[in-house]
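K.L.:
You'll find structure18.cif just under this line, and it carries mmCIF, C-alpha atoms.
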```cif
data_input
#
loop_
_atom_site.label_atom_id
_atom_site.label_comp_id
_atom_site.auth_asym_id
_atom_site.auth_seq_id
_atom_site.Cartn_x
_atom_site.Cartn_y
_atom_site.Cartn_z
CA MET A 1 34.97 41.01 88.22
CA ASN A 2 37.11 42.37 90.98
CA VAL A 3 40.72 41.16 91.24
CA GLU A 4 42.47 41.85 94.53
CA THR A 5 46.24 41.40 94.56
CA ILE A 6 47.88 40.65 97.92
CA ASN A 7 51.68 40.64 98.06
CA ARG A 8 53.13 38.46 100.84
CA GLN A 9 56.62 37.91 99.49
CA PRO A 10 59.80 40.06 99.50
CA ILE A 11 60.86 40.16 95.83
CA PRO A 12 60.37 43.62 94.28
CA LEU A 13 57.48 43.63 91.79
CA ARG A 14 55.59 46.19 89.78
CA ILE A 15 52.29 45.33 91.43
CA ASP A 16 50.29 47.87 89.40
CA ARG A 17 51.38 46.21 86.15
CA LEU A 18 50.74 42.73 87.49
CA GLN A 19 47.30 43.90 88.63
CA ARG A 20 46.45 45.16 85.12
CA LEU A 21 47.63 41.88 83.61
CA ALA A 22 45.58 39.85 86.11
CA GLU A 23 42.50 41.97 85.35
CA ARG A 24 42.93 41.20 81.65
CA PHE A 25 43.25 37.47 82.39
CA ALA A 26 40.09 37.80 84.49
CA GLU A 27 38.26 39.16 81.44
CA TRP A 28 39.42 36.16 79.43
CA LEU A 29 38.32 33.88 82.27
CA GLU A 30 34.85 35.40 82.07
CA ASP A 31 34.83 34.92 78.28
CA ARG A 32 35.84 31.27 78.74
CA SER A 33 33.36 30.64 81.56
CA GLY A 34 30.30 31.06 79.37
CA PRO A 35 27.18 31.78 81.42
CA ASP A 36 29.01 31.47 84.75
CA ARG A 37 29.32 34.85 86.47
CA TRP A 38 32.31 35.88 88.58
CA SER A 39 32.39 38.30 91.48
CA GLU A 40 36.03 38.30 92.56
CA VAL A 41 39.39 36.60 92.50
CA ALA A 42 42.11 37.09 95.10
CA LEU A 43 45.65 36.86 93.72
CA LEU A 44 48.01 36.01 96.57
CA LEU A 45 51.72 36.42 95.77
CA VAL A 46 54.01 34.24 97.90
CA ASP A 47 57.48 32.69 97.92
CA ASP A 48 58.55 29.02 98.09
CA ALA A 49 57.95 28.78 101.84
CA GLY A 50 54.53 30.42 101.58
CA ILE A 51 53.21 28.21 98.81
CA ALA A 52 54.71 25.08 100.39
CA GLU A 53 52.60 25.78 103.46
CA TYR A 54 49.39 25.96 101.38
CA ASN A 55 50.42 22.89 99.39
CA ARG A 56 50.98 20.96 102.63
CA ASP A 57 47.79 22.18 104.33
CA TYR A 58 45.44 21.60 101.41
CA PHE A 59 47.03 18.77 99.40
CA GLY A 60 49.37 17.00 101.84
CA LYS A 61 52.38 17.75 99.63
CA ASP A 62 55.30 19.14 101.63
CA ARG A 63 56.98 21.06 98.80
CA PRO A 64 56.64 24.29 96.86
CA THR A 65 54.82 24.47 93.54
CA ASP A 66 54.16 27.22 90.99
CA VAL A 67 50.47 28.03 91.45
CA ILE A 68 47.47 26.79 93.43
CA SER A 69 43.92 27.74 92.53
CA PHE A 70 40.62 27.41 94.33
CA ARG A 71 37.23 28.02 92.72
CA TYR A 72 34.26 28.66 95.00
CA ASP A 73 30.65 28.10 94.04
CA PRO A 74 28.12 30.87 94.62
CA VAL A 75 26.86 31.14 98.18
CA PRO A 76 23.12 30.35 98.44
CA GLY A 77 21.14 33.49 99.08
CA GLU A 78 23.84 35.81 97.72
CA GLU A 79 24.66 37.05 94.24
CA PRO A 80 24.90 34.00 91.95
CA ALA A 81 28.58 34.40 91.07
CA PHE A 82 31.75 32.37 91.43
CA SER A 83 34.85 33.55 93.24
CA GLY A 84 38.35 32.19 93.48
CA ASP A 85 41.79 32.34 95.01
CA LEU A 86 45.07 32.10 93.13
CA ILE A 87 48.26 31.52 95.10
CA VAL A 88 51.28 32.26 92.91
CA ASN A 89 54.93 31.52 93.68
CA VAL A 90 56.92 34.61 92.65
CA GLU A 91 60.21 33.15 93.87
CA ARG A 92 59.89 30.14 91.57
CA ALA A 93 59.08 32.35 88.58
CA LEU A 94 62.17 34.46 89.21
CA ARG A 95 64.35 31.37 89.66
CA THR A 96 63.09 29.28 86.73
CA GLY A 97 62.19 32.09 84.34
CA PRO A 98 65.69 32.41 82.84
CA GLU A 99 65.48 28.74 81.79
CA HIS A 100 62.33 29.54 79.83
CA ASP A 101 61.26 32.89 78.37
CA GLY A 102 62.32 35.13 81.26
CA PRO A 103 60.96 35.69 84.76
CA ASP A 104 58.26 38.17 83.70
CA ARG A 105 56.77 35.76 81.20
CA GLU A 106 57.11 32.88 83.66
CA LEU A 107 55.23 34.79 86.38
CA ALA A 108 52.56 35.80 83.84
CA LEU A 109 52.27 32.14 82.79
CA TYR A 110 51.67 31.09 86.41
CA VAL A 111 48.92 33.69 86.77
CA ALA A 112 47.37 32.67 83.42
CA HIS A 113 47.54 29.01 84.47
CA GLY A 114 45.70 29.79 87.68
CA PHE A 115 42.96 31.68 85.84
CA ASP A 116 42.70 28.82 83.35
CA HIS A 117 42.14 26.37 86.24
CA LEU A 118 39.42 28.67 87.59
CA SER A 119 37.60 28.28 84.27
CA GLY A 120 37.40 24.55 84.94
CA ALA A 121 40.40 23.49 82.85
CA GLU A 122 42.33 20.49 84.15
CA ASP A 123 45.88 19.33 83.46
CA ASP A 124 45.54 15.76 84.70
CA THR A 125 46.48 14.14 81.36
CA PRO A 126 49.17 15.02 78.81
CA GLU A 127 46.50 16.06 76.31
CA ARG A 128 44.74 18.39 78.76
CA ARG A 129 48.07 19.81 79.94
CA ALA A 130 49.05 20.56 76.34
CA ALA A 131 45.68 22.22 75.64
CA MET A 132 46.03 24.41 78.73
CA LEU A 133 49.58 25.43 77.82
CA GLU A 134 48.49 26.30 74.28
CA ARG A 135 45.61 28.45 75.56
CA GLU A 136 47.77 30.13 78.21
CA THR A 137 50.60 30.96 75.81
CA GLY A 138 47.93 32.42 73.53
CA TRP A 139 46.84 34.65 76.41
CA LEU A 140 50.47 35.69 76.93
CA ARG A 141 50.84 36.58 73.24
CA ARG A 142 47.66 38.66 73.45
CA ALA A 143 48.99 40.39 76.59
CA GLU A 144 52.28 41.12 74.79
CA ALA A 145 50.39 42.53 71.78
CA GLU A 146 48.41 44.76 74.16
CA LYS A 147 51.67 45.94 75.78
CA LEU A 148 50.70 44.44 79.14
CA LEU A 149 53.65 42.08 79.17
CA SER A 150 57.26 42.58 78.13
CA PRO A 151 60.70 41.80 79.61
CA GLY A 152 61.13 43.88 82.76
CA ALA A 153 57.41 44.67 83.00
CA LEU A 154 56.70 42.85 86.26
CA PHE A 155 59.94 42.43 88.21
CA GLY A 156 61.89 45.39 89.50
#
```
Let's see the structure in the file written out as structure tokens.

P.N.:
Amino acid sequence: MNVETINRQPIPLRIDRLQRLAERFAEWLEDRSGPDRWSEVALLLVDDAGIAEYNRDYFGKDRPTDVISFRYDPVPGEEPAFSGDLIVNVERALRTGPEHDGPDRELALYVAHGFDHLSGAEDDTPERRAAMLERETGWLRRAEAEKLLSPGALFG
């Protein structure tokens, strides 16, 4: 699967490292998707204002959020593969990260959460939300063990 990272926000990031992390999450998405094939995912990095615009346009919610994901079915007549868009709020990760496990881990969690949604996972009940968080933190632990994620790895 191809992952294309598009940076449309001003906070300094180590895009090459984030790209490698996203590619690893994409592999785990493919593992989780079973027989579904994937062609590409676009990872769009935005700030509060950028994601608020998407949230307003697509969901009628006039406020920023952490991540928005869209999964697209295969186009008839083309390669039978899914594609998707992830819109990730870098500004929120930097701002709320210190309250949690740091901004790098927070940003990685947002990206993992988006990939998890692409697999079909939903967080519309407390039980489903807990299952997603457990799976996503497992992905983060694997990324840390593989040296893809550490404090200072993504921001800077």

K.L.:
Quick one: residues within 10 Å of range 31-35 of chain A, all atoms listed in the file, excluding same-chain residues fewer than 5 positions away - as a ChimeraX atom specification?

P.N.:
/A:25-26,116,118-121

K.L.:
What would the selection look like, as JSON, numbers by chain, if the PyMOL selection byres ((chain A and resi 93) around 8) were run on the coordinates I just shared?

P.N.:
{"A": [66, 89, 90, 91, 92, 94, 95, 96, 97, 103, 104, 106, 107, 110]}

K.L.:
Tell me, as a list in words, which residues lie within 12 Å of Gly138 in chain A, counting all atoms listed in the file; anything in the same chain fewer than 3 positions away does not count.

P.N.:
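Within the cut-off, the hits are Phe25, Trp28, Ala108, Leu109, Ala112, His113, Asp116, Ala131, Met132, Leu133, Glu134, Arg135, Arg141, Arg142, Ala143, Glu144 and Ala145 of chain A.
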
K.L.:
Which residues fall under the PyMOL selection byres ((chain A and resi 151) around 10) in this file, as a PDB file with C-alpha atoms, keeping the file's coordinate frame?

P.N.:
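Written output follows (out22.pdb):
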```pdb
ATOM      1  CA  ASP A 101      61.260  32.890  78.370  1.00  0.00           C
ATOM      2  CA  GLY A 102      62.320  35.130  81.260  1.00  0.00           C
ATOM      3  CA  PRO A 103      60.960  35.690  84.760  1.00  0.00           C
ATOM      4  CA  ASP A 104      58.260  38.170  83.700  1.00  0.00           C
ATOM      5  CA  ARG A 105      56.770  35.760  81.200  1.00  0.00           C
ATOM      6  CA  GLU A 144      52.280  41.120  74.790  1.00  0.00           C
ATOM      7  CA  LEU A 149      53.650  42.080  79.170  1.00  0.00           C
ATOM      8  CA  SER A 150      57.260  42.580  78.130  1.00  0.00           C
ATOM      9  CA  GLY A 152      61.130  43.880  82.760  1.00  0.00           C
ATOM     10  CA  ALA A 153      57.410  44.670  83.000  1.00  0.00           C
ATOM     11  CA  LEU A 154      56.700  42.850  86.260  1.00  0.00           C
ATOM     12  CA  PHE A 155      59.940  42.430  88.210  1.00  0.00           C
TER      13      PHE A 155
END
```

K.L.:
Have a look at CA of Arg129 in chain A and CA of His117 in chain A and let me know their distance in Å, one decimal.

P.N.:
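Atom-to-atom, CA of Arg129 in chain A and CA of His117 in chain A are spaced 10.9 Å apart.
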
K.L.:
To one decimal place in Å, what is the distance between CA of Arg63 in chain A and CA of Glu40 in chain A?

P.N.:
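Taking CA of Arg63 in chain A and CA of Glu40 in chain A, their separation equals 27.8 Å.
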
K.L.:
Which of these residues is nearest to Val88 in chain A, using only C-alpha atoms: A:Glu30, A:Glu4, A:Glu146, A:Asp48?

P.N.:
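Counting only C-alpha atoms, the residue closest to Val88 in chain A is A:Asp48.
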
K.L.:
Report the distance between CA of Val3 in chain A and CA of Ser39 in chain A in Å, rounded to one decimal place.

P.N.:
8.8 Å

K.L.:
Pick out the closest residue to Ala22 in chain A from this set: A:Val46, A:Ala130, A:Ala81, A:Met1. Count all atoms listed in the file.

P.N.:
A:Met1

K.L.:
Return as lines of an AutoDock Vina configuration file the centre and edge lengths, in Å with one decimal, of the box along x, y and z that encloses every atom of range 108-125 of chain A in the file, padded by 3 Å per side.

P.N.:
```
center_x = 45.0
center_y = 25.0
center_z = 84.5
size_x = 21.2
size_y = 27.7
size_z = 12.3
```

K.L.:
Tell me which of A:Val41, A:Ala52, A:Val75, A:Ile15 sits closest to Glu27 in chain A, counting only C-alpha atoms.

P.N.:
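Counting only C-alpha atoms, the residue closest to Glu27 in chain A is A:Val41.
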
K.L.:
Compare A:Gly50, A:Trp38, A:Phe59, A:Asn2 by their minimum atom-to-atom distance to Tyr72 in chain A, counting all atoms listed in the file, and give me the closest one.

P.N.:
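For Tyr72 in chain A, the nearest of the given residues is A:Trp38.
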
K.L.:
Once the PyMOL selection byres ((chain A and resi 5-10) around 7) has been evaluated on this model, what residues remain selected, and can you format them as a PDB file with C-alpha atoms, keeping the file's coordinate frame?

P.N.:
```pdb
ATOM      1  CA  VAL A   3      40.720  41.160  91.240  1.00  0.00           C
ATOM      2  CA  GLU A   4      42.470  41.850  94.530  1.00  0.00           C
ATOM      3  CA  ILE A  11      60.860  40.160  95.830  1.00  0.00           C
ATOM      4  CA  PRO A  12      60.370  43.620  94.280  1.00  0.00           C
ATOM      5  CA  GLN A  19      47.300  43.900  88.630  1.00  0.00           C
ATOM      6  CA  ALA A  42      42.110  37.090  95.100  1.00  0.00           C
ATOM      7  CA  LEU A  43      45.650  36.860  93.720  1.00  0.00           C
ATOM      8  CA  LEU A  44      48.010  36.010  96.570  1.00  0.00           C
ATOM      9  CA  LEU A  45      51.720  36.420  95.770  1.00  0.00           C
ATOM     10  CA  VAL A  46      54.010  34.240  97.900  1.00  0.00           C
ATOM     11  CA  ASP A  47      57.480  32.690  97.920  1.00  0.00           C
TER      12      ASP A  47
END
```

K.L.:
N, CA and C atoms for range 107-121 of chain A, written as an mmCIF file, in the frame of the given file, could you do that?

P.N.:
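This is the output file part-v7.cif:
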```
data_model
loop_
_atom_site.group_PDB
_atom_site.id
_atom_site.type_symbol
_atom_site.label_atom_id
_atom_site.label_comp_id
_atom_site.auth_asym_id
_atom_site.auth_seq_id
_atom_site.Cartn_x
_atom_site.Cartn_y
_atom_site.Cartn_z
ATOM 1 N N LEU A 107 56.207 34.373 85.375
ATOM 2 C CA LEU A 107 55.230 34.790 86.380
ATOM 3 C C LEU A 107 53.853 34.970 85.723
ATOM 4 N N ALA A 108 53.828 35.602 84.561
ATOM 5 C CA ALA A 108 52.560 35.800 83.840
ATOM 6 C C ALA A 108 51.938 34.442 83.483
ATOM 7 N N LEU A 109 52.777 33.477 83.111
ATOM 8 C CA LEU A 109 52.270 32.140 82.790
ATOM 9 C C LEU A 109 51.628 31.495 84.016
ATOM 10 N N TYR A 110 52.246 31.647 85.191
ATOM 11 C CA TYR A 110 51.670 31.090 86.410
ATOM 12 C C TYR A 110 50.297 31.706 86.693
ATOM 13 N N VAL A 111 50.194 33.014 86.524
ATOM 14 C CA VAL A 111 48.920 33.690 86.770
ATOM 15 C C VAL A 111 47.880 33.223 85.738
ATOM 16 N N ALA A 112 48.283 33.153 84.466
ATOM 17 C CA ALA A 112 47.370 32.670 83.420
ATOM 18 C C ALA A 112 46.926 31.243 83.718
ATOM 19 N N HIS A 113 47.861 30.410 84.149
ATOM 20 C CA HIS A 113 47.540 29.010 84.470
ATOM 21 C C HIS A 113 46.508 28.935 85.586
ATOM 22 N N GLY A 114 46.674 29.769 86.595
ATOM 23 C CA GLY A 114 45.700 29.790 87.680
ATOM 24 C C GLY A 114 44.318 30.201 87.203
ATOM 25 N N PHE A 115 44.261 31.247 86.379
ATOM 26 C CA PHE A 115 42.960 31.680 85.840
ATOM 27 C C PHE A 115 42.355 30.594 84.959
ATOM 28 N N ASP A 116 43.195 29.900 84.196
ATOM 29 C CA ASP A 116 42.700 28.820 83.350
ATOM 30 C C ASP A 116 42.084 27.711 84.206
ATOM 31 N N HIS A 117 42.714 27.364 85.323
ATOM 32 C CA HIS A 117 42.140 26.370 86.240
ATOM 33 C C HIS A 117 40.794 26.859 86.787
ATOM 34 N N LEU A 118 40.684 28.149 87.085
ATOM 35 C CA LEU A 118 39.420 28.670 87.590
ATOM 36 C C LEU A 118 38.285 28.478 86.590
ATOM 37 N N SER A 119 38.627 28.468 85.301
ATOM 38 C CA SER A 119 37.600 28.280 84.270
ATOM 39 C C SER A 119 37.107 26.839 84.212
ATOM 40 N N GLY A 120 37.776 25.959 84.948
ATOM 41 C CA GLY A 120 37.400 24.550 84.940
ATOM 42 C C GLY A 120 38.389 23.672 84.186
ATOM 43 N N ALA A 121 39.404 24.267 83.585
ATOM 44 C CA ALA A 121 40.400 23.490 82.850
ATOM 45 C C ALA A 121 41.210 22.629 83.799
#
```
